[in-house]
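Have a look at input29.tsv below; it lists TSV, C-alpha atoms.
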chain	number	residue	atom	x	y	z
A	2	MET	CA	0.00	0.00	0.00
A	3	GLY	CA	1.02	3.62	-0.36
A	4	GLY	CA	4.02	4.60	1.75
A	5	SER	CA	5.46	1.10	2.16
A	6	GLY	CA	7.94	1.03	-0.71
A	7	SER	CA	5.80	-0.70	-3.34
A	8	THR	CA	6.94	1.66	-6.11
A	9	TYR	CA	10.57	0.83	-5.36
A	10	LEU	CA	9.68	-2.87	-5.35
A	11	ARG	CA	7.96	-2.61	-8.73
A	12	HIS	CA	10.97	-0.93	-10.33
A	13	ALA	CA	13.39	-3.33	-8.62
A	14	LEU	CA	11.54	-6.35	-9.99
A	15	GLY	CA	11.71	-4.79	-13.45
A	16	ARG	CA	15.46	-4.23	-13.13
A	17	ALA	CA	15.78	-7.92	-12.21
A	18	GLY	CA	14.33	-8.81	-15.63
A	19	LEU	CA	10.70	-9.48	-14.72
A	20	ALA	CA	7.62	-8.15	-16.43
A	21	VAL	CA	5.67	-6.48	-13.61
A	22	HIS	CA	1.95	-5.77	-13.65
A	23	ASN	CA	1.50	-2.40	-11.96
A	24	LYS	CA	-1.21	-2.69	-9.30
A	25	PRO	CA	-4.05	-3.69	-11.65
A	26	ASP	CA	-6.29	-4.42	-8.66
A	27	ILE	CA	-6.45	-0.68	-7.98
A	28	VAL	CA	-9.57	-0.79	-10.16
A	29	HIS	CA	-11.41	-2.24	-7.16
A	30	HIS	CA	-10.68	0.91	-5.19
A	31	ARG	CA	-13.68	3.17	-4.74
A	32	HIS	CA	-12.31	5.78	-7.19
A	33	TRP	CA	-12.37	3.35	-10.08
A	34	VAL	CA	-15.59	1.70	-9.00
A	35	LYS	CA	-17.25	5.10	-9.44
A	36	GLN	CA	-15.93	5.29	-13.00
A	37	GLY	CA	-17.94	2.26	-14.09
A	38	ARG	CA	-17.07	-1.20	-15.37
A	39	ALA	CA	-15.86	-0.12	-18.81
A	40	ALA	CA	-13.31	2.23	-17.26
A	41	GLN	CA	-12.28	-0.42	-14.73
A	42	HIS	CA	-11.82	-2.99	-17.49
A	43	ALA	CA	-9.68	-0.65	-19.61
A	44	GLU	CA	-7.51	0.40	-16.67
A	45	PHE	CA	-6.98	-3.19	-15.55
A	46	MET	CA	-5.83	-4.17	-19.04
A	47	ARG	CA	-3.46	-1.18	-19.17
A	48	ARG	CA	-1.86	-2.06	-15.85
A	49	ALA	CA	-1.81	-5.83	-16.47
A	50	ASP	CA	-0.09	-5.81	-19.85
A	51	GLY	CA	-3.26	-6.72	-21.74
A	52	CYS	CA	-4.62	-9.29	-19.30
A	53	THR	CA	-8.30	-8.98	-18.52
A	54	LEU	CA	-10.43	-9.53	-15.46
A	55	ASP	CA	-13.21	-11.47	-17.12
A	56	THR	CA	-15.72	-11.44	-14.26
A	57	THR	CA	-16.37	-9.24	-11.23
A	58	GLY	CA	-16.19	-12.13	-8.75
A	59	ILE	CA	-13.53	-14.28	-7.10
A	60	ALA	CA	-13.45	-16.58	-10.13
A	61	GLY	CA	-12.17	-13.74	-12.29
A	62	ILE	CA	-9.40	-12.94	-9.82
A	63	GLN	CA	-8.51	-16.63	-9.63
A	64	ARG	CA	-8.22	-16.90	-13.42
A	65	TYR	CA	-6.10	-13.76	-13.61
A	66	LEU	CA	-3.71	-15.05	-10.94
A	67	ASP	CA	-3.52	-18.41	-12.71
A	68	ARG	CA	-2.60	-16.67	-15.99
A	69	LEU	CA	-0.04	-14.57	-14.13
A	70	ALA	CA	1.54	-17.64	-12.57
A	71	SER	CA	1.80	-19.38	-15.95
A	72	ALA	CA	3.44	-16.41	-17.71
A	73	PRO	CA	7.26	-16.73	-17.83
A	74	ALA	CA	9.18	-14.15	-15.75
A	75	THR	CA	6.03	-12.22	-14.89
A	76	THR	CA	4.74	-11.00	-11.56
A	77	ALA	CA	2.45	-8.31	-10.17
A	78	VAL	CA	2.59	-5.73	-7.42
A	79	LEU	CA	-0.92	-5.57	-6.01
A	80	SER	CA	-2.65	-2.83	-4.05
A	81	THR	CA	-6.18	-3.56	-2.84
A	82	TRP	CA	-7.06	-7.27	-2.94
A	83	ALA	CA	-5.23	-8.03	0.31
A	84	GLU	CA	-6.98	-5.32	2.30
A	85	GLN	CA	-10.31	-6.49	0.87
A	86	HIS	CA	-9.47	-10.01	2.14
A	87	LEU	CA	-9.87	-11.47	-1.34
A	88	LEU	CA	-6.57	-13.30	-1.74
A	89	ARG	CA	-7.48	-15.88	0.89
A	90	HIS	CA	-10.34	-17.05	-1.35
A	91	THR	CA	-8.13	-17.81	-4.36
A	92	GLY	CA	-5.91	-20.79	-5.10
A	93	ARG	CA	-2.82	-21.29	-2.99
A	94	ARG	CA	0.30	-19.59	-4.31
A	95	ARG	CA	3.30	-17.64	-3.04
A	96	VAL	CA	2.39	-14.13	-1.91
A	97	VAL	CA	4.85	-11.57	-0.52
A	98	PHE	CA	3.44	-8.86	1.74
A	99	LEU	CA	5.38	-5.58	2.01
A	100	LEU	CA	4.52	-3.38	4.99
A	101	ARG	CA	6.08	-0.43	6.78
A	102	GLU	CA	5.46	0.69	10.35
A	103	PRO	CA	1.99	2.24	9.90
A	104	ALA	CA	2.61	5.79	11.18
A	105	ALA	CA	5.76	6.08	9.06
A	106	ALA	CA	3.98	4.64	6.02
A	107	TYR	CA	1.12	7.10	6.48
A	108	ARG	CA	3.46	10.05	6.78
A	109	SER	CA	5.24	8.97	3.59
A	110	MET	CA	1.99	8.56	1.67
A	111	CYS	CA	0.80	12.01	2.72
A	112	GLU	CA	3.81	13.82	1.27
A	113	PRO	CA	2.75	16.54	-1.19
A	114	GLY	CA	4.64	14.91	-4.04
A	115	ARG	CA	3.01	11.55	-3.49
A	116	HIS	CA	-0.62	11.23	-2.33
A	117	GLY	CA	-0.94	14.32	-0.18
A	118	ASP	CA	-3.78	15.54	-2.37
A	119	ILE	CA	-5.90	12.62	-1.16
A	120	ALA	CA	-5.21	13.44	2.47
A	121	ASP	CA	-6.06	17.07	1.74
A	122	GLU	CA	-9.53	16.04	0.57
A	123	TYR	CA	-10.18	14.75	4.08
A	124	GLY	CA	-8.70	17.77	5.86
A	125	GLY	CA	-4.98	16.98	5.79
A	126	PRO	CA	-2.74	14.36	7.40
A	127	ASP	CA	-4.03	15.10	10.91
A	128	SER	CA	-7.63	14.37	9.94
A	129	TRP	CA	-9.77	11.24	10.19
A	130	PHE	CA	-8.04	10.10	7.01
A	131	ALA	CA	-5.43	8.67	9.41
A	132	VAL	CA	-8.05	6.26	10.76
A	133	PHE	CA	-9.04	5.22	7.24
A	134	TYR	CA	-5.39	4.51	6.41
A	135	ALA	CA	-4.77	2.64	9.65
A	136	GLU	CA	-7.76	0.40	8.98
A	137	ARG	CA	-6.46	-0.39	5.50
A	138	TRP	CA	-3.05	-1.23	6.96
A	139	ARG	CA	-4.59	-3.44	9.63
A	140	LYS	CA	-6.66	-5.37	7.09
A	141	ILE	CA	-3.62	-6.10	4.92
A	142	ALA	CA	-1.75	-7.41	7.95
A	143	GLU	CA	-4.77	-9.53	8.90
A	144	GLU	CA	-4.81	-11.05	5.41
A	145	TYR	CA	-1.19	-12.08	5.80
A	146	LEU	CA	-1.81	-13.57	9.25
A	147	THR	CA	-4.89	-15.46	8.06
A	148	MET	CA	-3.10	-16.92	5.05
A	149	ARG	CA	-0.05	-17.83	7.13
A	150	ALA	CA	-2.24	-19.61	9.68
A	151	ALA	CA	-3.90	-21.54	6.84
A	152	GLY	CA	-0.54	-22.82	5.63
A	153	TRP	CA	-0.09	-20.65	2.53
A	154	ASP	CA	3.37	-19.94	1.15
A	155	VAL	CA	3.33	-16.32	2.32
A	156	LEU	CA	6.23	-14.04	3.20
A	157	LEU	CA	6.29	-10.77	5.11
A	158	TRP	CA	8.89	-8.16	4.21
A	159	SER	CA	9.08	-5.02	6.29
A	160	TYR	CA	10.22	-1.77	4.72
A	161	GLU	CA	12.61	-1.25	7.61
A	162	HIS	CA	14.34	-4.60	6.98
A	163	LEU	CA	13.74	-5.01	3.26
A	164	PRO	CA	17.27	-6.04	2.19
A	165	GLU	CA	17.54	-8.53	5.06
A	166	HIS	CA	14.11	-10.05	4.41
A	167	ALA	CA	14.52	-10.21	0.62
A	168	ARG	CA	17.91	-11.92	0.91
A	169	ARG	CA	16.55	-14.30	3.53
A	170	ASP	CA	13.91	-15.47	1.06
A	171	GLY	CA	16.19	-15.71	-1.98
A	172	TYR	CA	15.47	-12.38	-3.67
A	173	GLY	CA	18.61	-10.45	-2.78
A	174	GLU	CA	19.17	-9.32	-6.38
A	175	ILE	CA	16.24	-6.91	-6.21
A	176	VAL	CA	17.50	-4.88	-3.22
A	177	THR	CA	20.96	-3.90	-4.41
A	178	GLU	CA	19.86	-0.25	-4.83
A	179	TRP	CA	17.71	-0.03	-1.70
A	180	ARG	CA	17.90	3.26	0.17
A	181	ARG	CA	15.80	3.44	3.31
A	182	SER	CA	14.13	6.76	4.12
A	183	ALA	CA	14.04	7.88	7.76
A	184	PRO	CA	10.54	8.06	9.30
A	185	ARG	CA	10.52	11.83	10.06
A	186	LEU	CA	7.09	11.58	11.67
A	187	ARG	CA	7.29	15.01	13.27
A	188	PRO	CA	6.43	17.76	12.52
A	189	ALA	CA	4.51	16.27	9.58
A	190	LEU	CA	2.14	14.49	11.98
A	191	ARG	CA	0.86	15.52	15.38
A	192	ASP	CA	1.53	13.24	18.32
A	193	GLU	CA	-2.23	12.60	18.57
A	194	THR	CA	-2.32	11.32	14.98
A	195	ILE	CA	0.68	9.04	15.48
A	196	ASP	CA	-0.88	7.65	18.65
A	197	LEU	CA	-4.23	7.12	16.90
A	198	ILE	CA	-2.66	5.13	14.06
A	199	ARG	CA	-0.70	2.99	16.46
A	200	ARG	CA	-3.72	2.32	18.62
A	201	CYS	CA	-5.76	1.22	15.61
A	202	THR	CA	-3.04	-1.21	14.54
A	203	GLY	CA	-1.61	-2.22	17.91
A	204	GLU	CA	-3.01	-5.72	18.18
A	205	VAL	CA	-2.06	-6.82	14.68
A	206	ARG	CA	1.39	-5.23	14.93
A	207	LYS	CA	2.01	-7.30	18.02
A	208	ALA	CA	0.99	-10.44	16.13
A	209	LEU	CA	3.40	-9.61	13.28
A	210	ASP	CA	6.26	-9.34	15.79
A	211	ILE	CA	8.51	-6.89	13.92
A	212	SER	CA	10.80	-5.74	16.72
A	213	ASP	CA	11.08	-2.05	15.86
A	214	TRP	CA	7.38	-1.51	15.17

When written as C-alpha cells, how does the structure in this file appear?
Amino acid sequence: MGGSGSTYLRHALGRAGLAVHNKPDIVHHRHWVKQGRAAQHAEFMRRADGCTLDTTGIAGIQRYLDRLASAPATTAVLSTWAEQHLLRHTGRRRVVFLLREPAAAYRSMCEPGRHGDIADEYGGPDSWFAVFYAERWRKIAEEYLTMRAAGWDVLLWSYEHLPEHARRDGYGEIVTEWRRSAPRLRPALRDETIDLIRRCTGEVRKALDISDW
C-alpha cells in the first residue's frame, strides 16, 4: 500500500528482468468503482499488460492469478485485494506482503509529491483520514496472518528490513539499490495522529512481531 515502498519494489523487480503488472487491482478501489465497469476494465488491461479480469467475482481474480503464474518471468505488485481479504479465497500460491510501520507509512503517503492531495480532501494528514489509512493497513496485515495460519506460502517483508528479508527469502538481487528513508514523523504528523494510528493497529502489529514496530 502507499508509503510502504511498493513503487521501489515494482521498479526493482523490473530491473531484475521481470515483467511487472502495476497494481491492476487498484480498479477495485472506490475511485475506479465510481468510473464504471468499462473504465475499470480498460484500466486493468493497461496495468496488467493486456490481461483482462473477465468477471467481477472471485473466479475472475482466480483466473487472472492463474494466468499470471503461468506467464514466464512475470509478476504483479498488487494494491487492494489483500486489504479487501480477497486473496485468501483464491488458489494457494506464493504471496509476498510488504509493509512499513503504519505511522511512518502514512506520513510517507501524505507527502505533497506523493498522495498528499488525497489526504487534503479529508482535511490533511491530521484528519480522520489517518483512521481510514490505519484500517487499510490493519486489514492487509490480517490477510497475511490469516493466510499464514492456513498454511499458505506467504512471506512478510518489512520496509525497515527489506534487504535482510529479501535476501533471507532468496530475492537479494532486487534490493541492491535499496535506500531506506528515515521516518521523520514530526512535525509532519501531530503526536495525537501518530498515537491514533498505532492504537488502531496495535493488536495486529504485536501479532506480526517486527521488533522495531

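Shortest atom-to-atom contact with Tyr65 in chain A among A:Asp154, A:Asp213, A:Asp50, A:Glu112: A:Asp50, counting all atoms listed in the file.
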
For this session: Would you please work out which residue, of A:Arg48, A:His12, A:Arg137, A:Arg68, is nearest to Ile27 in chain A when using all atoms listed in the file?
Result: A:Arg48

For this session: Please provide the set of residues having any atom within 10 Å of range 43-47 of chain A, restricted to all atoms listed in the file, with same-chain residues fewer than 4 positions apart removed, written as a PyMOL selection string.
Result: chain A and resi 22-29+33+38-39+51-54

Seminar exercise, completed: For Ala106 in chain A, the closest of A:Val205, A:Ile62, A:Ala183, A:Ile211 counting all atoms listed in the file is A:Ala183

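The coordinates place CA of Glu165 in chain A at 19.7 Å from CA of Val78 in chain A.
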
Seminar exercise, completed: Students should find that CA of Gly18 in chain A and CA of Ser71 in chain A are spaced 16.4 Å

Exercise. Which is closest to Ala72 in chain A among A:Phe130, A:Pro103, A:Ile175, A:Leu19, if we use all atoms listed in the file?
Worked result: A:Leu19

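Distance-wise, CA of Tyr134 in chain A and CA of Gln41 in chain A end up 22.8 Å apart.
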
For this session: Find the residues around Gly92 in chain A up to 12 Å (only C-alpha atoms counted), leave out those fewer than 4 positions away in its own chain, and share them as an NGL selection string.
Result: :A and (59-67 or 70 or 87-88 or 96 or 148 or 153-154)

Exercise. A:Leu190, A:Ala120, A:Ala40, A:Leu156: which is nearest Tyr172 in chain A, counting only C-alpha atoms?
Worked result: A:Leu156

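Of the listed residues (A:Thr202, A:Thr177, A:Ser128, A:Ser159), A:Thr202 comes nearest to Glu143 in chain A; the distances count only C-alpha atoms.
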
Problem set entry | Contacts of Arg185 in chain A within 12 Å, only C-alpha atoms, excl. fewer than 6 positions in-chain, as a ChimeraX atom specification | /A:104-109,112,191,195
